[in-house]
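What follows is the content of entry_28.txt, which has compact mmCIF, C-alpha atoms:
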# COMPACT_ATOMS: atom_id res chain seq x y z
CA MET A 1 0.00 0.00 0.00
CA LYS A 2 1.34 3.44 -0.91
CA PRO A 3 1.15 6.04 1.88
CA SER A 4 -1.32 8.90 1.44
CA HIS A 5 -2.19 12.14 3.19
CA ALA A 6 -5.17 10.40 4.79
CA GLN A 7 -2.87 8.25 6.91
CA PRO A 8 0.38 8.87 8.76
CA GLY A 9 3.48 7.77 6.88
CA PRO A 10 6.46 5.86 8.29
CA ILE A 11 8.90 8.78 8.79
CA MET A 12 9.19 10.82 11.99
CA LEU A 13 11.26 13.96 11.48
CA ASP A 14 11.92 17.26 13.24
CA VAL A 15 11.69 21.01 12.68
CA VAL A 16 14.49 23.48 13.26
CA GLY A 17 13.16 26.20 15.54
CA HIS A 18 10.28 27.77 17.45
CA GLU A 19 8.07 28.11 14.37
CA VAL A 20 7.32 26.07 11.27
CA THR A 21 8.97 27.55 8.19
CA ALA A 22 7.44 27.60 4.73
CA GLU A 23 9.88 24.91 3.60
CA GLU A 24 8.99 22.74 6.59
CA ARG A 25 5.27 23.11 5.87
CA GLU A 26 5.93 21.71 2.40
CA ILE A 27 7.98 18.84 3.83
CA LEU A 28 5.29 17.95 6.40
CA GLN A 29 2.78 17.53 3.57
CA HIS A 30 4.81 14.69 2.07
CA PRO A 31 2.82 11.44 2.37
CA LEU A 32 5.78 9.57 3.86
CA VAL A 33 5.77 11.87 6.89
CA GLY A 34 3.87 10.47 9.86
CA GLY A 35 5.00 12.65 12.70
CA VAL A 36 7.22 15.32 14.19
CA ILE A 37 9.63 14.94 17.10
CA LEU A 38 10.34 18.08 19.12
CA PHE A 39 13.54 18.99 20.97
CA ALA A 40 14.67 21.59 23.50
CA ARG A 41 15.55 23.93 20.63
CA ASN A 42 11.85 23.98 19.68
CA TYR A 43 10.79 25.31 23.07
CA ALA A 44 10.88 28.81 24.56
CA GLU A 45 7.80 28.93 26.78
CA PRO A 46 4.34 27.31 27.00
CA GLU A 47 2.42 29.64 24.69
CA GLN A 48 5.08 29.34 22.00
CA LEU A 49 4.85 25.53 22.22
CA ARG A 50 1.07 25.61 21.80
CA ALA A 51 1.48 27.88 18.78
CA LEU A 52 4.05 25.48 17.30
CA THR A 53 1.88 22.38 17.72
CA ALA A 54 -1.10 24.30 16.31
CA ALA A 55 0.96 25.23 13.27
CA ILE A 56 1.91 21.57 12.73
CA ARG A 57 -1.75 20.55 13.05
CA ALA A 58 -2.71 23.19 10.49
CA VAL A 59 -0.49 21.45 7.94
CA ARG A 60 -1.52 17.84 8.68
CA PRO A 61 -3.98 17.27 11.56
CA GLY A 62 -3.19 13.55 11.77
CA LEU A 63 0.55 13.84 12.35
CA VAL A 64 1.84 12.35 15.60
CA ILE A 65 3.64 15.05 17.61
CA SER A 66 6.22 13.52 19.94
CA VAL A 67 9.10 14.39 22.25
CA ASP A 68 11.78 12.69 24.35
CA HIS A 69 10.54 13.88 27.73
CA GLU A 70 11.42 11.30 30.38
CA GLY A 71 12.43 13.39 33.39
CA GLY A 72 15.86 14.03 34.84
CA ARG A 73 18.45 15.01 32.23
CA VAL A 74 16.16 13.98 29.37
CA GLN A 75 13.39 16.57 29.68
CA ARG A 76 13.10 18.83 26.66
CA PHE A 77 10.62 21.35 28.06
CA ARG A 78 11.63 22.83 31.40
CA GLU A 79 10.61 26.44 32.11
CA GLY A 80 6.86 26.37 32.73
CA PHE A 81 6.83 22.56 33.08
CA THR A 82 7.24 20.50 36.25
CA ARG A 83 10.83 19.33 36.73
CA LEU A 84 10.52 15.56 36.84
CA PRO A 85 13.09 13.41 38.66
CA ALA A 86 15.27 10.88 36.91
CA MET A 87 13.68 7.43 37.01
CA ARG A 88 16.47 6.06 39.20
CA ARG A 89 15.02 8.23 41.98
CA PHE A 90 11.98 5.94 42.10
CA GLY A 91 14.22 2.88 42.19
CA GLU A 92 16.08 4.32 45.18
CA LEU A 93 12.78 5.00 46.90
CA TRP A 94 11.63 1.44 46.14
CA ASP A 95 14.55 0.04 48.14
CA SER A 96 13.13 1.64 51.30
CA ASP A 97 9.40 1.94 50.52
CA PRO A 98 8.00 0.08 47.48
CA ALA A 99 4.46 1.38 47.91
CA ALA A 100 5.62 4.99 48.02
CA ALA A 101 7.85 4.43 44.99
CA ARG A 102 5.02 2.91 42.99
CA ALA A 103 2.69 5.80 43.88
CA ALA A 104 5.32 8.42 43.03
CA ALA A 105 6.13 6.79 39.71
CA ARG A 106 2.46 6.85 38.72
CA GLN A 107 2.20 10.50 39.72
CA ALA A 108 5.24 11.32 37.59
CA GLY A 109 3.68 9.61 34.59
CA LEU A 110 0.44 11.52 35.04
CA VAL A 111 2.20 14.89 35.35
CA LEU A 112 4.44 14.16 32.37
CA ALA A 113 1.56 13.21 30.10
CA ALA A 114 -0.94 15.79 31.33
CA GLU A 115 1.42 18.71 30.77
CA LEU A 116 2.37 17.54 27.30
CA ARG A 117 -1.23 16.86 26.31
CA ALA A 118 -2.27 20.35 27.47
CA HIS A 119 0.17 21.65 24.83
CA ASP A 120 -1.12 19.24 22.15
CA VAL A 121 1.86 16.90 22.22
CA ASP A 122 0.67 13.34 21.61
CA LEU A 123 3.52 11.15 22.75
CA SER A 124 6.68 10.93 24.82
CA TYR A 125 9.29 8.22 24.28
CA ALA A 126 9.02 6.94 27.83
CA PRO A 127 9.57 5.02 30.00
CA VAL A 128 13.09 3.64 29.75
CA LEU A 129 12.94 -0.12 30.43
CA ASP A 130 16.71 -0.66 30.36
CA LEU A 131 18.25 -2.12 33.51
CA ASP A 132 20.70 -0.10 35.59
CA TYR A 133 23.89 -2.17 35.40
CA GLY A 134 25.96 0.84 36.41
CA VAL A 135 28.11 0.75 33.24
CA SER A 136 26.18 2.76 30.65
CA THR A 137 26.70 6.52 30.85
CA VAL A 138 24.01 7.21 28.24
CA ILE A 139 21.42 5.21 30.23
CA GLY A 140 22.65 5.77 33.79
CA ASP A 141 19.99 7.32 36.00
CA ARG A 142 17.40 7.12 33.22
CA ALA A 143 16.83 3.47 34.27
CA PHE A 144 14.68 2.57 37.26
CA HIS A 145 16.66 -0.26 38.83
CA ARG A 146 19.05 -3.16 38.30
CA GLN A 147 16.41 -5.78 39.11
CA PRO A 148 14.05 -6.52 36.20
CA GLU A 149 11.06 -7.14 38.47
CA VAL A 150 11.52 -3.75 40.17
CA ALA A 151 12.03 -1.96 36.85
CA THR A 152 8.86 -3.63 35.57
CA GLU A 153 6.72 -2.58 38.54
CA LEU A 154 7.92 1.03 38.48
CA ALA A 155 7.55 1.26 34.71
CA ARG A 156 4.04 -0.16 35.00
CA ALA A 157 3.23 2.61 37.47
CA VAL A 158 4.56 5.30 35.12
CA VAL A 159 2.58 3.76 32.25
CA GLY A 160 -0.54 3.87 34.42
CA GLY A 161 -0.01 7.58 35.00
CA LEU A 162 0.55 8.24 31.31
CA VAL A 163 -2.63 6.37 30.39
CA ALA A 164 -4.63 8.21 33.06
CA ALA A 165 -3.70 11.44 31.29
CA GLY A 166 -4.57 10.09 27.85
CA MET A 167 -1.10 9.18 26.55
CA LYS A 168 0.29 5.88 25.31
CA ALA A 169 3.69 4.71 26.54
CA VAL A 170 6.78 3.87 24.49
CA GLY A 171 9.21 1.46 26.14
CA LYS A 172 12.87 1.63 25.20
CA HIS A 173 15.52 0.43 24.29
CA PHE A 174 14.62 -3.14 23.31
CA PRO A 175 16.03 -5.67 24.14
CA GLY A 176 18.14 -3.64 26.60
CA HIS A 177 20.90 -1.02 26.38
CA GLY A 178 21.98 -0.93 30.03
CA ALA A 179 24.74 -3.56 29.97
CA VAL A 180 27.01 -1.86 27.42
CA GLU A 181 29.24 1.12 28.15
CA ALA A 182 29.36 2.70 24.69
CA ASP A 183 26.90 5.45 23.76
CA SER A 184 25.10 4.61 20.50
CA HIS A 185 24.83 8.34 19.68
CA VAL A 186 28.58 8.43 19.01
CA ALA A 187 29.68 4.76 18.85
CA ILE A 188 28.48 1.29 17.87
CA PRO A 189 27.85 -0.57 21.15
CA VAL A 190 28.40 -4.33 21.21
CA ASP A 191 26.86 -6.60 23.86
CA GLU A 192 28.67 -9.95 24.16
CA ARG A 193 26.02 -11.80 26.19
CA SER A 194 24.06 -14.85 25.10
CA PHE A 195 20.41 -14.76 24.11
CA ASP A 196 19.44 -16.62 27.28
CA ALA A 197 21.17 -14.00 29.43
CA VAL A 198 19.49 -11.07 27.67
CA TRP A 199 16.10 -12.81 27.72
CA ALA A 200 16.32 -13.73 31.40
CA GLU A 201 16.86 -10.15 32.54
CA ASP A 202 16.73 -7.30 30.03
CA VAL A 203 13.78 -8.54 27.97
CA GLN A 204 11.60 -9.20 31.01
CA PRO A 205 10.19 -5.66 31.45
CA PHE A 206 9.22 -5.62 27.76
CA LEU A 207 7.66 -9.06 28.08
CA GLN A 208 5.67 -8.20 31.20
CA LEU A 209 4.47 -4.84 29.84
CA ALA A 210 3.91 -5.81 26.20
CA GLY A 211 0.14 -5.44 26.41
CA GLU A 212 0.36 -2.03 28.11
CA LEU A 213 2.71 -0.24 25.71
CA GLY A 214 1.67 1.70 22.63
CA GLY A 215 5.18 1.64 21.23
CA VAL A 216 8.64 0.13 21.61
CA MET A 217 11.96 1.58 20.48
CA PRO A 218 14.84 -0.86 19.86
CA ALA A 219 18.47 -0.18 20.70
CA HIS A 220 21.26 0.60 18.24
CA VAL A 221 23.20 -2.19 19.96
CA ILE A 222 24.75 -5.25 18.32
CA TYR A 223 24.30 -8.46 20.33
CA ARG A 224 27.19 -10.15 18.55
CA ASN A 225 26.55 -13.70 19.74
CA ILE A 226 22.94 -13.48 18.56
CA ASP A 227 22.85 -11.34 15.38
CA ALA A 228 25.50 -9.31 13.54
CA ARG A 229 23.03 -6.45 13.03
CA PRO A 230 21.96 -3.86 15.63
CA ALA A 231 18.63 -4.79 17.20
CA GLY A 232 16.80 -2.02 15.33
CA PHE A 233 17.85 -3.55 11.99
CA SER A 234 17.33 -7.17 13.01
CA PRO A 235 14.29 -9.20 11.87
CA PHE A 236 15.26 -11.73 14.52
CA TRP A 237 14.96 -9.23 17.36
CA LEU A 238 11.98 -7.30 16.04
CA GLN A 239 9.87 -10.02 14.43
CA ASP A 240 10.89 -13.32 16.01
CA VAL A 241 11.46 -12.01 19.53
CA LEU A 242 9.47 -8.77 19.98
CA ARG A 243 6.43 -9.58 17.85
CA LYS A 244 6.21 -13.36 18.28
CA ARG A 245 7.83 -14.37 21.58
CA VAL A 246 7.07 -11.19 23.52
CA GLY A 247 3.72 -10.72 21.78
CA PHE A 248 3.99 -6.97 21.26
CA GLY A 249 1.35 -5.56 18.90
CA GLY A 250 2.00 -1.81 18.98
CA VAL A 251 4.22 0.53 16.99
CA ILE A 252 7.93 -0.26 16.65
CA PHE A 253 9.96 2.94 16.29
CA SER A 254 13.53 2.97 15.12
CA ASP A 255 15.92 4.96 17.25
CA ASP A 256 17.31 8.02 15.47
CA LEU A 257 18.81 6.85 12.17
CA THR A 258 21.40 9.64 12.20
CA MET A 259 23.09 8.21 15.31
CA GLU A 260 26.49 6.56 14.95
CA GLY A 261 25.02 3.26 16.11
CA ALA A 262 22.92 3.21 12.92
CA SER A 263 25.84 3.83 10.55
CA VAL A 264 26.54 0.13 10.03
CA ALA A 265 23.49 -0.07 7.76
CA GLY A 266 24.83 2.41 5.18
CA ASP A 267 23.47 5.78 4.03
CA ILE A 268 20.17 7.23 5.25
CA VAL A 269 18.09 5.40 2.63
CA ALA A 270 19.78 2.08 3.40
CA ARG A 271 19.23 2.66 7.11
CA ALA A 272 15.53 3.35 6.63
CA GLU A 273 15.15 0.33 4.37
CA ALA A 274 16.96 -1.89 6.87
CA ALA A 275 14.92 -0.66 9.84
CA HIS A 276 11.60 -0.82 8.01
CA GLY A 277 12.42 -4.19 6.49
CA ALA A 278 13.33 -5.57 9.91
CA GLY A 279 9.95 -4.59 11.31
CA CYS A 280 9.99 -0.91 12.33
CA ASP A 281 6.68 0.82 11.61
CA MET A 282 8.19 4.28 11.90
CA VAL A 283 11.76 5.51 11.40
CA LEU A 284 13.20 8.59 13.11
CA VAL A 285 15.47 11.06 11.33
CA CYS A 286 16.57 13.78 13.74
CA ASN A 287 18.86 16.83 13.67
CA ARG A 288 19.83 16.39 10.02
CA PRO A 289 17.12 18.05 7.87
CA GLU A 290 19.12 17.51 4.69
CA LEU A 291 19.04 13.75 5.33
CA ALA A 292 15.31 13.84 6.00
CA VAL A 293 14.77 15.54 2.63
CA ARG A 294 17.03 13.03 0.92
CA LEU A 295 15.06 10.17 2.43
CA LEU A 296 11.73 11.65 1.36
CA ASP A 297 13.04 12.03 -2.19
CA ALA A 298 14.70 8.61 -2.54
CA TRP A 299 12.80 6.12 -0.39
CA HIS A 300 9.76 4.33 -1.78
CA PRO A 301 8.47 1.96 0.91
CA VAL A 302 5.34 -0.13 0.79
CA VAL A 303 3.39 0.47 4.01
CA ASP A 304 0.95 -2.24 5.01
CA ALA A 305 -2.45 -1.26 6.37
CA ASP A 306 -1.79 -2.77 9.80
CA SER A 307 1.33 -0.67 10.26
CA ALA A 308 -0.47 2.53 9.25
CA ALA A 309 -3.32 1.70 11.65
CA ARG A 310 -0.87 1.15 14.51
CA ILE A 311 0.69 4.56 13.91
CA ALA A 312 -2.68 6.30 13.69
CA ALA A 313 -3.75 4.69 16.97
CA LEU A 314 -0.95 6.50 18.83
CA ARG A 315 -2.91 9.75 18.72
CA PRO A 316 -4.84 10.26 21.98
CA ARG A 317 -8.58 10.13 21.73
CA ALA A 318 -10.41 13.45 22.03
CA GLY A 319 -11.42 14.33 25.57
CA SER A 320 -8.97 11.90 27.18
CA ALA A 321 -7.04 14.68 28.94
CA PRO A 322 -7.24 18.44 29.61
CA ALA A 323 -6.80 20.19 26.28
CA THR A 324 -5.42 23.50 27.57
CA PRO A 325 -3.23 24.70 30.46
CA ALA A 326 -6.30 26.33 32.01
CA GLU A 327 -8.21 23.04 32.00
CA LEU A 328 -5.13 21.31 33.38
CA ALA A 329 -4.92 23.73 36.31
CA ASP A 330 -8.47 22.75 37.27
CA TRP A 331 -7.79 19.00 37.25
CA THR A 332 -7.60 17.83 40.86
CA ASP A 333 -5.67 14.64 40.09
CA TYR A 334 -3.00 16.60 38.26
CA ARG A 335 -2.59 19.17 41.02
CA ALA A 336 -2.20 16.44 43.65
CA ALA A 337 0.31 14.51 41.52
CA ARG A 338 2.33 17.63 40.78
CA ASP A 339 2.49 18.56 44.46
CA ALA A 340 3.70 15.05 45.31
CA ILE A 341 6.43 15.15 42.63
CA LEU A 342 7.63 18.57 43.75
CA ALA A 343 7.78 17.32 47.35
CA LEU A 344 9.81 14.29 46.24
CA ALA A 345 12.25 16.45 44.31
When written as structure tokens, how does the structure in this file appear?
Amino acid sequence: MKPSHAQPGPIMLDVVGHEVTAEEREILQHPLVGGVILFARNYAEPEQLRALTAAIRAVRPGLVISVDHEGGRVQRFREGFTRLPAMRRFGELWDSDPAAARAAARQAGLVLAAELRAHDVDLSYAPVLDLDYGVSTVIGDRAFHRQPEVATELARAVVGGLVAAGMKAVGKHFPGHGAVEADSHVAIPVDERSFDAVWAEDVQPFLQLAGELGGVMPAHVIYRNIDARPAGFSPFWLQDVLRKRVGFGGVIFSDDLTMEGASVAGDIVARAEAAHGAGCDMVLVCNRPELAVRLLDAWHPVVDADSAARIAALRPRAGSAPATPAELADWTDYRAARDAILALA
């Protein structure tokens, strides 16, 4: 099936600044585009963000507007938004008071999603389901805990908060990035463990939460004893393991195809073809607008109807959360959750 304007396409790209330029409006109308990912550079203050998302909607109402907004050091919008703790904070709290940690994690998810939804952002790439092995600087305190059962319970609480505010969750980085030191943004990480070792620990949060996640993002990590390709380009990891053994039925996102960890697949078109062919529904091209344009010009994928429907289903349903900051301020559950998170911080 060829993509059309009536459905979201398989490419997630970004915009440069605080407003949508005329050139970007033309790009967003391309049928291969399915969404926009925002970064800190796209944010000045709340009203500007609402104007930006409104401008994107004016071009293509069905585009998925997303952001990496986890809390801690990965929180793109700060001034005017609640400062969310790094997820490790909930893991530390779990070690002394599991019930309090679970409650706080849910409150964080609700605040995260409610504030984004009030600015017409559909999706955050959260939570991180990687385990905290203490070796990965790029994961580090973004992970909840070393123990998979604890990470699962805290992630489930965050997911519950996201869903309560009308947002679907995206678990990352499948099958697990926490056990390798190298940062896939600037290197090609290699994990030397066996499949049984990765399955027994790292895959478990994805397995336990498969039915509760709207999306999963694989890692640009090579598990050399299992497959020579990074997980995000591997039909074994994405189709045999994630779809069949784990039973995940939502959207599979590639990680950013401009990262060094993706370079093993070739140029930007080869990377997109490899990721899409392995099972990714949507590919991300970030921070390199010239590569996004090249991909739109040169890539001609066939998008099956099931994949397009999965992407479309990421958009929150109307009325599932406060639609404006004013409505958000009146929501009792949000105010209580925000107060609890501020007290924890």
Original post:
atom CA of Pro8 of chain A and atom CA of Leu112 of chain A are how many Å apart?
Top reply: 24.5 Å
Original post:
Which residues, written as a PyMOL selection string, have at least one atom at most 6 Å from segment 169-177 of chain A, with all atoms listed in the file counted and residues fewer than 6 positions away on the same chain left out?
Top reply: chain A and resi 125-130+159+202-203+213-219
Subject >> Selected residue of minimal separation from Tyr133 of chain A among A:Gly232, A:Gly178, A:Gly72, A:Gly109, counting only C-alpha atoms >> reply: A:Gly178
**OP:** Provide the atom CA of Gly17 of chain A to atom CA of Thr324 of chain A distance in Å, to one decimal place.
**Re:**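 A separation of 22.3 Å between them.
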Original post:
What separation in Å, quoted to one decimal, exists between atom CA of Asp120 of chain A and atom CA of Gly249 of chain A?
Top reply: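 Those two atoms sit 25.1 Å apart.
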With all atoms listed in the file as the counted atoms, please give the residues lying no more than 8 Å from Asn287 of chain A, apart from itself and same-chain residues fewer than 2 positions off, as an mmCIF file with C-alpha atoms, in the frame of the given file.
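Result file is out_24.cif:
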data_model
loop_
_atom_site.group_PDB
_atom_site.id
_atom_site.type_symbol
_atom_site.label_atom_id
_atom_site.label_comp_id
_atom_site.auth_asym_id
_atom_site.auth_seq_id
_atom_site.Cartn_x
_atom_site.Cartn_y
_atom_site.Cartn_z
ATOM 1 C CA ASP A 14 11.920 17.260 13.240
ATOM 2 C CA VAL A 16 14.490 23.480 13.260
ATOM 3 C CA THR A 258 21.400 9.640 12.200
ATOM 4 C CA VAL A 285 15.470 11.060 11.330
ATOM 5 C CA PRO A 289 17.120 18.050 7.870
#
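Minimum atom-to-atom distance to Trp331 of chain A, evaluated using all atoms listed in the file, belongs to A:Glu115 out of A:Asp281, A:Glu115, A:Asp297, A:Thr21.
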Subject >> Using all atoms listed in the file: which of A:Leu344, A:Val302, A:Ala318, A:Val190 has the shortest distance to Pro230 of chain A >> reply: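 Counting all atoms listed in the file, the residue closest to Pro230 of chain A is A:Val190.
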**OP:** Determine, counting all atoms listed in the file, every residue of protein, DNA or RNA that lies within 9 Å of (28.3, -16.3, 21.9) in the file coordinates, then give the result as an MDAnalysis selection string.
**Re:** chainID A and resid 192:195 223:226
**OP:** Using all atoms listed in the file, determine which residues lie at most 7 Å from Val283 of chain A, disregarding the query and same-chain residues fewer than 5 positions distant; provide the list as a PyMOL selection string.
**Re:** chain A and resi 10-12+253-254+272
